[in-house]
>>> print(open('coords_15.pdb').read())   # PDB, C-alpha atoms
MODEL        1
ATOM      1  CA  MET A  24       0.000   0.000   0.000
ATOM      2  CA  LEU A  25       1.092   3.524  -0.652
ATOM      3  CA  ALA A  26       1.874   5.681   2.338
ATOM      4  CA  PRO A  27      -0.420   8.643   2.988
ATOM      5  CA  ILE A  28       0.768  12.056   1.855
ATOM      6  CA  THR A  29       2.240  14.247   4.592
ATOM      7  CA  THR A  30       3.360  17.862   4.666
ATOM      8  CA  GLY A  31       6.922  16.633   4.127
ATOM      9  CA  HIS A  32       6.034  15.337   0.660
ATOM     10  CA  TYR A  33       4.908  18.800  -0.360
ATOM     11  CA  LEU A  34       8.023  20.390   1.154
ATOM     12  CA  VAL A  35      10.352  18.070  -0.768
ATOM     13  CA  LEU A  36       8.430  18.696  -3.999
ATOM     14  CA  SER A  37       8.604  22.438  -3.454
ATOM     15  CA  ALA A  38      12.347  22.322  -2.730
ATOM     16  CA  ALA A  39      12.945  20.303  -5.887
ATOM     17  CA  LEU A  40      10.914  22.776  -7.959
ATOM     18  CA  LEU A  41      12.825  25.703  -6.457
ATOM     19  CA  LEU A  42      16.195  24.133  -7.211
ATOM     20  CA  ILE A  43      15.184  23.290 -10.788
ATOM     21  CA  GLY A  44      14.201  26.940 -11.213
ATOM     22  CA  ALA A  45      17.539  28.042  -9.729
ATOM     23  CA  VAL A  46      19.397  25.811 -12.196
ATOM     24  CA  GLY A  47      17.391  27.406 -14.998
ATOM     25  CA  ILE A  48      18.335  30.910 -13.890
ATOM     26  CA  LEU A  49      22.006  29.997 -13.519
ATOM     27  CA  MET A  50      22.450  27.961 -16.684
ATOM     28  CA  ARG A  51      20.234  29.318 -19.454
ATOM     29  CA  ARG A  52      21.313  32.139 -21.771
ATOM     30  CA  ASN A  53      17.855  33.029 -23.093
ATOM     31  CA  VAL A  54      16.133  35.817 -21.125
ATOM     32  CA  VAL A  55      12.638  34.443 -21.804
ATOM     33  CA  VAL A  56      13.534  31.065 -20.293
ATOM     34  CA  ILE A  57      15.156  32.795 -17.310
ATOM     35  CA  MET A  58      11.874  34.590 -16.635
ATOM     36  CA  MET A  59      10.026  31.268 -16.876
ATOM     37  CA  SER A  60      12.442  29.852 -14.278
ATOM     38  CA  ILE A  61      11.545  32.754 -11.978
ATOM     39  CA  GLU A  62       7.888  31.754 -12.330
ATOM     40  CA  LEU A  63       8.844  28.201 -11.336
ATOM     41  CA  ILE A  64      10.552  29.483  -8.184
ATOM     42  CA  LEU A  65       7.541  31.585  -7.198
ATOM     43  CA  ASN A  66       5.292  28.555  -7.692
ATOM     44  CA  ALA A  67       7.538  26.504  -5.422
ATOM     45  CA  VAL A  68       7.083  29.142  -2.712
ATOM     46  CA  ASN A  69       3.315  28.990  -3.169
ATOM     47  CA  ILE A  70       3.241  25.202  -2.784
ATOM     48  CA  ASN A  71       5.130  25.604   0.480
ATOM     49  CA  LEU A  72       2.726  28.257   1.775
ATOM     50  CA  VAL A  73      -0.351  26.194   0.958
ATOM     51  CA  ALA A  74       1.167  23.032   2.450
ATOM     52  CA  PHE A  75       1.825  24.737   5.785
ATOM     53  CA  ASP A  76      -1.628  26.239   5.617
ATOM     54  CA  LYS A  77      -3.182  22.808   5.364
ATOM     55  CA  TYR A  78      -0.984  21.624   8.237
ATOM     56  CA  LEU A  79      -1.927  24.494  10.546
ATOM     57  CA  HIS A  80      -5.582  24.640   9.475
ATOM     58  CA  LYS A  81      -5.332  28.343   8.758
ATOM     59  CA  LEU A  82      -5.841  30.402   5.632
ATOM     60  CA  ASN A  83      -3.254  33.184   6.063
ATOM     61  CA  GLY A  84      -0.773  31.322   3.884
ATOM     62  CA  GLN A  85      -3.243  31.211   1.018
ATOM     63  CA  ILE A  86      -3.650  34.993   1.301
ATOM     64  CA  PHE A  87       0.124  35.258   1.079
ATOM     65  CA  ALA A  88       0.063  32.993  -1.968
ATOM     66  CA  ILE A  89      -2.468  35.325  -3.608
ATOM     67  CA  PHE A  90      -0.132  38.270  -3.022
ATOM     68  CA  VAL A  91       2.816  36.280  -4.373
ATOM     69  CA  ILE A  92       0.814  35.560  -7.528
ATOM     70  CA  THR A  93      -0.059  39.273  -7.831
ATOM     71  CA  VAL A  94       3.589  40.271  -7.616
ATOM     72  CA  ALA A  95       4.564  37.511 -10.066
ATOM     73  CA  VAL A  96       2.033  38.759 -12.606
ATOM     74  CA  ALA A  97       3.208  42.376 -12.261
ATOM     75  CA  GLU A  98       6.815  41.217 -12.598
ATOM     76  CA  ALA A  99       6.021  39.212 -15.729
ATOM     77  CA  ALA A 100       4.186  42.126 -17.365
ATOM     78  CA  VAL A 101       6.904  44.697 -16.709
ATOM     79  CA  GLY A 102       9.711  42.230 -17.382
ATOM     80  CA  LEU A 103       8.345  41.225 -20.755
ATOM     81  CA  GLY A 104       7.880  44.919 -21.634
ATOM     82  CA  ILE A 105      11.537  45.503 -20.764
ATOM     83  CA  LEU A 106      12.443  42.461 -22.851
ATOM     84  CA  ILE A 107      10.659  43.895 -25.911
ATOM     85  CA  ALA A 108      12.408  47.260 -25.453
ATOM     86  CA  LEU A 109      15.741  45.459 -25.035
ATOM     87  CA  PHE A 110      15.262  43.383 -28.162
ATOM     88  CA  ARG A 111      14.369  46.501 -30.126
ATOM     89  CA  ASN A 112      17.636  48.168 -29.098
ATOM     90  CA  LYS A 113      20.103  45.281 -28.940
ATOM     91  CA  GLU A 114      18.611  42.653 -31.317
ATOM     92  CA  THR A 115      19.487  39.834 -28.926
ATOM     93  CA  VAL A 116      17.900  37.891 -26.066
ATOM     94  CA  LEU A 117      21.042  36.135 -24.845
ATOM     95  CA  VAL A 118      22.066  37.467 -21.459
ATOM     96  CA  ASP A 119      25.825  37.254 -21.970
ATOM     97  CA  GLU A 120      25.595  39.434 -25.084
ATOM     98  CA  ILE A 121      23.870  42.177 -23.081
ATOM     99  CA  ASP A 122      27.018  43.458 -21.404
ATOM    100  CA  LEU A 123      26.856  47.254 -21.627
ATOM    101  CA  LEU A 124      27.501  47.637 -17.905
ATOM    102  CA  LYS A 125      30.335  45.115 -17.871
ATOM    103  CA  TRP A 126      33.694  46.650 -17.119
TER     104      TRP A 126
ATOM    105  CA  MET B  24      -5.081   6.001  -1.221
ATOM    106  CA  LEU B  25      -6.590   7.903  -4.137
ATOM    107  CA  GLU B  26      -5.095  11.116  -2.773
ATOM    108  CA  THR B  27      -1.646   9.505  -2.779
ATOM    109  CA  VAL B  28      -2.023   8.419  -6.402
ATOM    110  CA  PHE B  29      -3.158  11.899  -7.431
ATOM    111  CA  PHE B  30      -0.333  13.525  -5.481
ATOM    112  CA  TYR B  31       2.301  11.475  -7.282
ATOM    113  CA  ALA B  32       0.644  12.103 -10.643
ATOM    114  CA  PHE B  33       0.552  15.873 -10.140
ATOM    115  CA  ALA B  34       4.054  15.925  -8.655
ATOM    116  CA  ALA B  35       5.397  14.016 -11.658
ATOM    117  CA  LEU B  36       3.619  16.445 -14.014
ATOM    118  CA  THR B  37       5.037  19.434 -12.133
ATOM    119  CA  LEU B  38       8.621  18.184 -11.964
ATOM    120  CA  ALA B  39       8.708  16.813 -15.519
ATOM    121  CA  GLY B  40       7.340  20.093 -16.831
ATOM    122  CA  ALA B  41       9.872  22.067 -14.815
ATOM    123  CA  ILE B  42      12.806  19.971 -16.034
ATOM    124  CA  LEU B  43      11.660  20.284 -19.650
ATOM    125  CA  THR B  44      11.232  24.055 -19.184
ATOM    126  CA  VAL B  45      14.845  24.365 -18.154
ATOM    127  CA  THR B  46      16.288  22.015 -20.778
ATOM    128  CA  MET B  47      14.304  22.503 -24.018
ATOM    129  CA  ARG B  48      15.979  24.377 -26.874
ATOM    130  CA  SER B  49      13.070  26.289 -28.404
ATOM    131  CA  ALA B  50      11.409  28.930 -26.215
ATOM    132  CA  VAL B  51       7.940  27.893 -27.410
ATOM    133  CA  HIS B  52       8.569  24.341 -26.236
ATOM    134  CA  CYS B  53       9.772  25.748 -22.899
ATOM    135  CA  ALA B  54       6.509  27.696 -22.573
ATOM    136  CA  ILE B  55       4.400  24.604 -23.312
ATOM    137  CA  ALA B  56       6.355  22.605 -20.722
ATOM    138  CA  LEU B  57       5.895  25.418 -18.195
ATOM    139  CA  ILE B  58       2.129  25.331 -18.814
ATOM    140  CA  SER B  59       2.044  21.620 -17.911
ATOM    141  CA  SER B  60       4.117  22.327 -14.820
ATOM    142  CA  LEU B  61       1.749  25.097 -13.707
ATOM    143  CA  ALA B  62      -1.235  22.808 -14.331
ATOM    144  CA  GLY B  63       0.391  20.244 -12.035
ATOM    145  CA  VAL B  64       0.777  22.898  -9.334
ATOM    146  CA  ALA B  65      -2.913  23.775  -9.778
ATOM    147  CA  GLY B  66      -3.787  20.126  -9.188
ATOM    148  CA  LEU B  67      -1.698  20.158  -6.003
ATOM    149  CA  TYR B  68      -3.678  23.184  -4.780
ATOM    150  CA  LEU B  69      -6.894  21.286  -5.381
ATOM    151  CA  LEU B  70      -5.538  18.300  -3.435
ATOM    152  CA  GLN B  71      -4.920  20.586  -0.465
ATOM    153  CA  HIS B  72      -8.415  22.063  -0.581
ATOM    154  CA  ALA B  73      -7.253  25.481  -1.824
ATOM    155  CA  GLU B  74      -9.996  25.779  -4.420
ATOM    156  CA  PHE B  75      -9.680  29.519  -4.903
ATOM    157  CA  LEU B  76      -5.953  29.292  -5.574
ATOM    158  CA  PHE B  77      -6.646  26.465  -8.022
ATOM    159  CA  ALA B  78      -8.979  28.720 -10.024
ATOM    160  CA  VAL B  79      -6.544  31.645  -9.802
ATOM    161  CA  GLN B  80      -3.696  29.422 -10.970
ATOM    162  CA  ILE B  81      -5.644  28.242 -14.019
ATOM    163  CA  VAL B  82      -7.110  31.626 -14.983
ATOM    164  CA  LEU B  83      -4.180  33.880 -14.152
ATOM    165  CA  TYR B  84      -1.103  31.771 -14.734
ATOM    166  CA  ILE B  85      -2.106  29.444 -17.527
ATOM    167  CA  GLY B  86      -4.603  31.823 -19.106
ATOM    168  CA  GLY B  87      -2.853  35.127 -18.504
ATOM    169  CA  VAL B  88       0.863  34.966 -17.869
ATOM    170  CA  MET B  89       1.580  32.131 -20.276
ATOM    171  CA  VAL B  90      -0.364  33.803 -23.091
ATOM    172  CA  LEU B  91       1.686  36.935 -22.396
ATOM    173  CA  PHE B  92       4.863  34.852 -22.630
ATOM    174  CA  LEU B  93       3.756  33.310 -25.922
ATOM    175  CA  PHE B  94       2.895  36.756 -27.325
ATOM    176  CA  VAL B  95       6.351  38.039 -26.446
ATOM    177  CA  ILE B  96       7.971  34.938 -27.941
ATOM    178  CA  MET B  97       6.105  35.733 -31.170
ATOM    179  CA  LEU B  98       7.059  39.433 -31.075
ATOM    180  CA  VAL B  99      10.717  38.759 -30.327
ATOM    181  CA  ASN B 100      12.493  36.786 -33.008
ATOM    182  CA  LEU B 101      13.956  33.807 -31.168
ATOM    183  CA  ASP B 102      14.996  31.710 -34.176
ATOM    184  CA  ALA B 103      18.540  33.040 -34.094
ATOM    185  CA  ALA B 104      18.763  32.472 -30.330
ATOM    186  CA  ALA B 105      17.542  28.878 -30.693
ATOM    187  CA  ARG B 106      20.508  28.079 -32.929
ATOM    188  CA  GLU B 107      22.989  29.417 -30.382
ATOM    189  CA  ARG B 108      24.524  27.599 -27.428
ATOM    190  CA  GLN B 109      21.765  27.347 -24.811
ATOM    191  CA  PHE B 110      23.678  27.016 -21.563
ATOM    192  CA  HIS B 111      26.272  28.972 -19.632
ATOM    193  CA  ARG B 112      29.265  27.177 -18.264
ATOM    194  CA  HIS B 113      28.224  27.526 -14.618
ATOM    195  CA  TRP B 114      28.367  23.774 -14.109
ATOM    196  CA  LEU B 115      29.553  24.047 -10.507
ATOM    197  CA  ALA B 116      26.556  26.063  -9.314
ATOM    198  CA  ALA B 117      24.118  23.828 -11.169
ATOM    199  CA  LEU B 118      25.752  20.692  -9.799
ATOM    200  CA  ALA B 119      25.526  22.147  -6.280
ATOM    201  CA  CYS B 120      21.785  22.751  -6.801
ATOM    202  CA  LEU B 121      21.247  19.225  -8.142
ATOM    203  CA  ALA B 122      23.273  17.722  -5.274
ATOM    204  CA  GLY B 123      21.106  19.677  -2.826
ATOM    205  CA  THR B 124      17.938  18.326  -4.406
ATOM    206  CA  GLY B 125      19.296  14.794  -4.483
ATOM    207  CA  ALA B 126      20.393  14.912  -0.861
ATOM    208  CA  LEU B 127      17.007  16.235   0.243
ATOM    209  CA  VAL B 128      15.055  13.625  -1.699
ATOM    210  CA  ALA B 129      17.365  10.841  -0.503
ATOM    211  CA  LEU B 130      16.999  11.967   3.115
ATOM    212  CA  PHE B 131      13.240  12.049   2.760
ATOM    213  CA  LEU B 132      13.099   8.642   1.076
ATOM    214  CA  THR B 133      15.225   6.987   3.763
ATOM    215  CA  ARG B 134      13.734   8.618   6.839
ATOM    216  CA  GLY B 135      10.194   9.158   5.638
ATOM    217  CA  ALA B 136       7.877  11.635   7.259
ATOM    218  CA  GLU B 137      10.082  11.906  10.366
ATOM    219  CA  SER B 138      12.745  13.849   8.461
ATOM    220  CA  PHE B 139      10.839  17.063   9.128
ATOM    221  CA  LYS B 140      10.429  17.924  12.781
ATOM    222  CA  LEU B 141       7.148  19.787  12.617
ATOM    223  CA  GLY B 142       5.214  20.570  15.755
ATOM    224  CA  ALA B 143       2.005  18.794  16.602
ATOM    225  CA  PRO B 144      -0.626  19.515  13.971
ATOM    226  CA  ALA B 145      -3.168  22.128  14.931
ATOM    227  CA  ALA B 146      -6.664  21.172  15.847
ATOM    228  CA  GLU B 147      -9.075  20.819  12.979
ATOM    229  CA  ALA B 148     -11.041  24.021  12.462
ATOM    230  CA  ALA B 149     -14.757  23.816  12.837
ATOM    231  CA  PRO B 150     -16.303  22.895   9.497
ATOM    232  CA  GLY B 151     -18.287  25.877   8.393
ATOM    233  CA  ALA B 152     -17.891  28.198   5.495
ATOM    234  CA  GLY B 153     -16.135  27.073   2.322
ATOM    235  CA  ASN B 154     -12.683  28.017   1.178
ATOM    236  CA  ILE B 155     -13.599  31.066  -0.914
ATOM    237  CA  GLU B 156     -15.944  32.500   1.710
ATOM    238  CA  THR B 157     -13.404  32.252   4.532
ATOM    239  CA  LEU B 158     -10.637  33.533   2.291
ATOM    240  CA  SER B 159     -12.594  36.605   1.229
ATOM    241  CA  MET B 160     -13.500  37.418   4.830
ATOM    242  CA  LEU B 161      -9.819  37.303   5.730
ATOM    243  CA  LEU B 162      -8.730  39.220   2.628
ATOM    244  CA  PHE B 163     -11.201  42.064   2.985
ATOM    245  CA  ARG B 164     -10.946  42.447   6.747
ATOM    246  CA  GLU B 165      -7.513  41.602   8.132
ATOM    247  CA  TYR B 166      -5.568  42.078   4.907
ATOM    248  CA  LEU B 167      -7.414  45.085   3.487
ATOM    249  CA  VAL B 168      -4.391  47.421   3.407
ATOM    250  CA  PRO B 169      -2.110  44.941   1.587
ATOM    251  CA  PHE B 170      -4.989  44.258  -0.794
ATOM    252  CA  GLU B 171      -5.265  47.941  -1.693
ATOM    253  CA  LEU B 172      -1.490  48.211  -1.992
ATOM    254  CA  ALA B 173      -1.577  45.293  -4.426
ATOM    255  CA  SER B 174      -4.023  47.232  -6.593
ATOM    256  CA  LEU B 175      -1.590  50.152  -6.593
ATOM    257  CA  LEU B 176       1.207  47.777  -7.603
ATOM    258  CA  LEU B 177      -0.897  46.480 -10.485
ATOM    259  CA  LEU B 178      -1.595  50.029 -11.655
ATOM    260  CA  VAL B 179       2.125  50.801 -11.665
ATOM    261  CA  ALA B 180       2.758  47.532 -13.532
ATOM    262  CA  ILE B 181       0.169  48.440 -16.193
ATOM    263  CA  VAL B 182       1.713  51.868 -16.774
ATOM    264  CA  GLY B 183       5.238  50.450 -16.693
ATOM    265  CA  GLY B 184       4.419  47.664 -19.147
ATOM    266  CA  VAL B 185       2.864  50.102 -21.622
ATOM    267  CA  MET B 186       5.750  52.541 -21.300
ATOM    268  CA  MET B 187       8.366  49.828 -21.783
ATOM    269  CA  ALA B 188       6.742  48.247 -24.822
ATOM    270  CA  LYS B 189       5.976  51.581 -26.576
ATOM    271  CA  LYS B 190       8.016  52.425 -29.651
ATOM    272  CA  ARG B 191       8.749  56.046 -28.702
ATOM    273  CA  ILE B 192       8.748  57.038 -25.040
TER     274      ILE B 192
ENDMDL
END
>>> encode(input="coords_15.pdb", output="structure tokens")
Amino acid sequence: MLAPITTGHYLVLSAALLLIGAVGILMRRNVVVIMMSIELILNAVNINLVAFDKYLHKLNGQIFAIFVITVAVAEAAVGLGILIALFRNKETVLVDEIDLLKW
Amino acid sequence: MLETVFFYAFAALTLAGAILTVTMRSAVHCAIALISSLAGVAGLYLLQHAEFLFAVQIVLYIGGVMVLFLFVIMLVNLDAAARERQFHRHWLAALACLAGTGALVALFLTRGAESFKLGAPAAEAAPGAGNIETLSMLLFREYLVPFELASLLLLVAIVGGVMMAKKRI
């Protein structure tokens, strides 16, 4: 028989998702994929919040998750606008070719 | 029993989608993989009785943010980028992340639920109002100021997004 699901299962899943997102941010060169990795990390945080919510029988964590989603949406909108402006000026989406501030 | 099966199914969907998001070459394929990953997270919300977050995840993330991503992928010509090398050479950092994940999963698999020392679970709340009703009471009473601040943040994001994407500022 399969063991019942505990809070720990959700915590491990969320940690794995966060680390996959961190690998994406560190390794990829494409800005669009880096932004998708940021979304993955924010989702990992939300899983954690909801899991602890279920454990404590409260709903404050879900409110926090709603705010996290709000901030993620605002970040995606502004970030993609910046990306369009960047592509118009530099004609590239690879992060290591965008090195104007590099000494 | 059924909950366990569904948990593993959604967890597999989430993790497989996340891994494909990070490894696929074409940005469109990455976006499709990310959609499956977000759908898996939505299923996990439903498993934990967070029905409102489930709906928000589907409508906002899969319906809103991912469509925005796909629009930008269409606007920005990514064909040239897809032919380039896709990864940096930060192997050490990535290996550290993967080792961390592996160690955590291995610890959890060997020691089971006891690997997290959580306090005693809280007493079950009295069954009453549903998820959305309780959530809205909390959101519009205790968290009213953050709620209004979030609307201000969204306004700034709207203006900022339009300004950034405009041809001539």
>>> closest_atom_pairs(input="coords_15.pdb", of="chain A", to="chain B", cutoff="6 Å", atoms="all atoms listed in the file", output="JSON lines")
{"residue": "A:Pro27", "atom": "CA", "partner": "B:Thr27", "partner_atom": "CA", "distance": 6.0}
{"residue": "A:Ile28", "atom": "CA", "partner": "B:Thr27", "partner_atom": "CA", "distance": 5.8}
{"residue": "A:Gly31", "atom": "CA", "partner": "B:Ala136", "partner_atom": "CA", "distance": 6.0}
{"residue": "A:Ala39", "atom": "CA", "partner": "B:Thr124", "partner_atom": "CA", "distance": 5.6}
{"residue": "A:Leu42", "atom": "CA", "partner": "B:Cys120", "partner_atom": "CA", "distance": 5.8}
{"residue": "A:Val46", "atom": "CA", "partner": "B:Ala117", "partner_atom": "CA", "distance": 5.2}
{"residue": "A:Gly47", "atom": "CA", "partner": "B:Val45", "partner_atom": "CA", "distance": 5.1}
{"residue": "A:Met50", "atom": "CA", "partner": "B:His111", "partner_atom": "CA", "distance": 4.9}
{"residue": "A:Arg51", "atom": "CA", "partner": "B:Phe110", "partner_atom": "CA", "distance": 4.6}
{"residue": "A:Arg52", "atom": "CA", "partner": "B:Phe110", "partner_atom": "CA", "distance": 5.6}
{"residue": "A:Leu79", "atom": "CA", "partner": "B:Ala145", "partner_atom": "CA", "distance": 5.1}
{"residue": "A:Ala97", "atom": "CA", "partner": "B:Ala180", "partner_atom": "CA", "distance": 5.3}
{"residue": "A:Ala100", "atom": "CA", "partner": "B:Gly184", "partner_atom": "CA", "distance": 5.8}
{"residue": "A:Val101", "atom": "CA", "partner": "B:Gly184", "partner_atom": "CA", "distance": 4.6}
{"residue": "A:Gly104", "atom": "CA", "partner": "B:Ala188", "partner_atom": "CA", "distance": 4.7}
{"residue": "A:Ile105", "atom": "CA", "partner": "B:Met187", "partner_atom": "CA", "distance": 5.5}
{"residue": "A:Ile107", "atom": "CA", "partner": "B:Ala188", "partner_atom": "CA", "distance": 6.0}
{"residue": "A:Ala108", "atom": "CA", "partner": "B:Ala188", "partner_atom": "CA", "distance": 5.8}
>>> axis_aligned_box(input="coords_15.pdb", around="segment 91-105 of chain A", padding_each_side="6 Å", output="JSON")
{"center_x": 5.7, "center_y": 40.5, "center_z": -13.0, "size_x": 23.6, "size_y": 21.9, "size_z": 29.3}
>>> atom_distance(input="coords_15.pdb", atom1="atom CA of Phe33 of chain B", atom2="atom CA of Ala95 of chain A")
22.0 Å
>>> closest_residue(input="coords_15.pdb", among="A:Glu120, A:Lys113, A:Lys125, A:Ile70", to="Leu70 of chain B", atoms="only C-alpha atoms")
A:Ile70
>>> residues_around(input="coords_15.pdb", residues="Ile64 of chain A", least_positions_apart="5", cutoff="10 Å", atoms="all atoms listed in the file", output="list of chain:residue names")
A:Ser37, A:Ala38, A:Ala39, A:Leu40, A:Leu41, A:Leu42, A:Ile43, A:Gly44, A:Ala45, A:Gly47, A:Ile48, A:Met58, A:Met59, A:Asn69, B:Ala41
>>> atom_distance(input="coords_15.pdb", atom1="atom CA of Thr30 of chain A", atom2="atom CA of Lys77 of chain A")
8.2 Å
>>> closest_residue(input="coords_15.pdb", among="B:Val82, B:Val90, B:Leu36, B:Leu115", to="Gly66 of chain B", atoms="all atoms listed in the file")
B:Leu36
>>> atom_distance(input="coords_15.pdb", atom1="atom CA of Tyr33 of chain A", atom2="atom CA of Ala74 of chain A")
6.3 Å
>>> resolve_selection(input="coords_15.pdb", expression="the PyMOL selection byres ((chain A and resi 85-87) around 7)", output="ChimeraX atom specification")
/A:72-73,76,82-84,88-91 /B:162
>>> write_last_selection(input="coords_15.pdb", atoms="C-alpha atoms", output="PDB file, in the frame of the given file")
ATOM      1  CA  LEU A  72       2.726  28.257   1.775  1.00  0.00           C
ATOM      2  CA  VAL A  73      -0.351  26.194   0.958  1.00  0.00           C
ATOM      3  CA  ASP A  76      -1.628  26.239   5.617  1.00  0.00           C
ATOM      4  CA  LEU A  82      -5.841  30.402   5.632  1.00  0.00           C
ATOM      5  CA  ASN A  83      -3.254  33.184   6.063  1.00  0.00           C
ATOM      6  CA  GLY A  84      -0.773  31.322   3.884  1.00  0.00           C
ATOM      7  CA  ALA A  88       0.063  32.993  -1.968  1.00  0.00           C
ATOM      8  CA  ILE A  89      -2.468  35.325  -3.608  1.00  0.00           C
ATOM      9  CA  PHE A  90      -0.132  38.270  -3.022  1.00  0.00           C
ATOM     10  CA  VAL A  91       2.816  36.280  -4.373  1.00  0.00           C
TER      11      VAL A  91
ATOM     12  CA  LEU B 162      -8.730  39.220   2.628  1.00  0.00           C
TER      13      LEU B 162
END
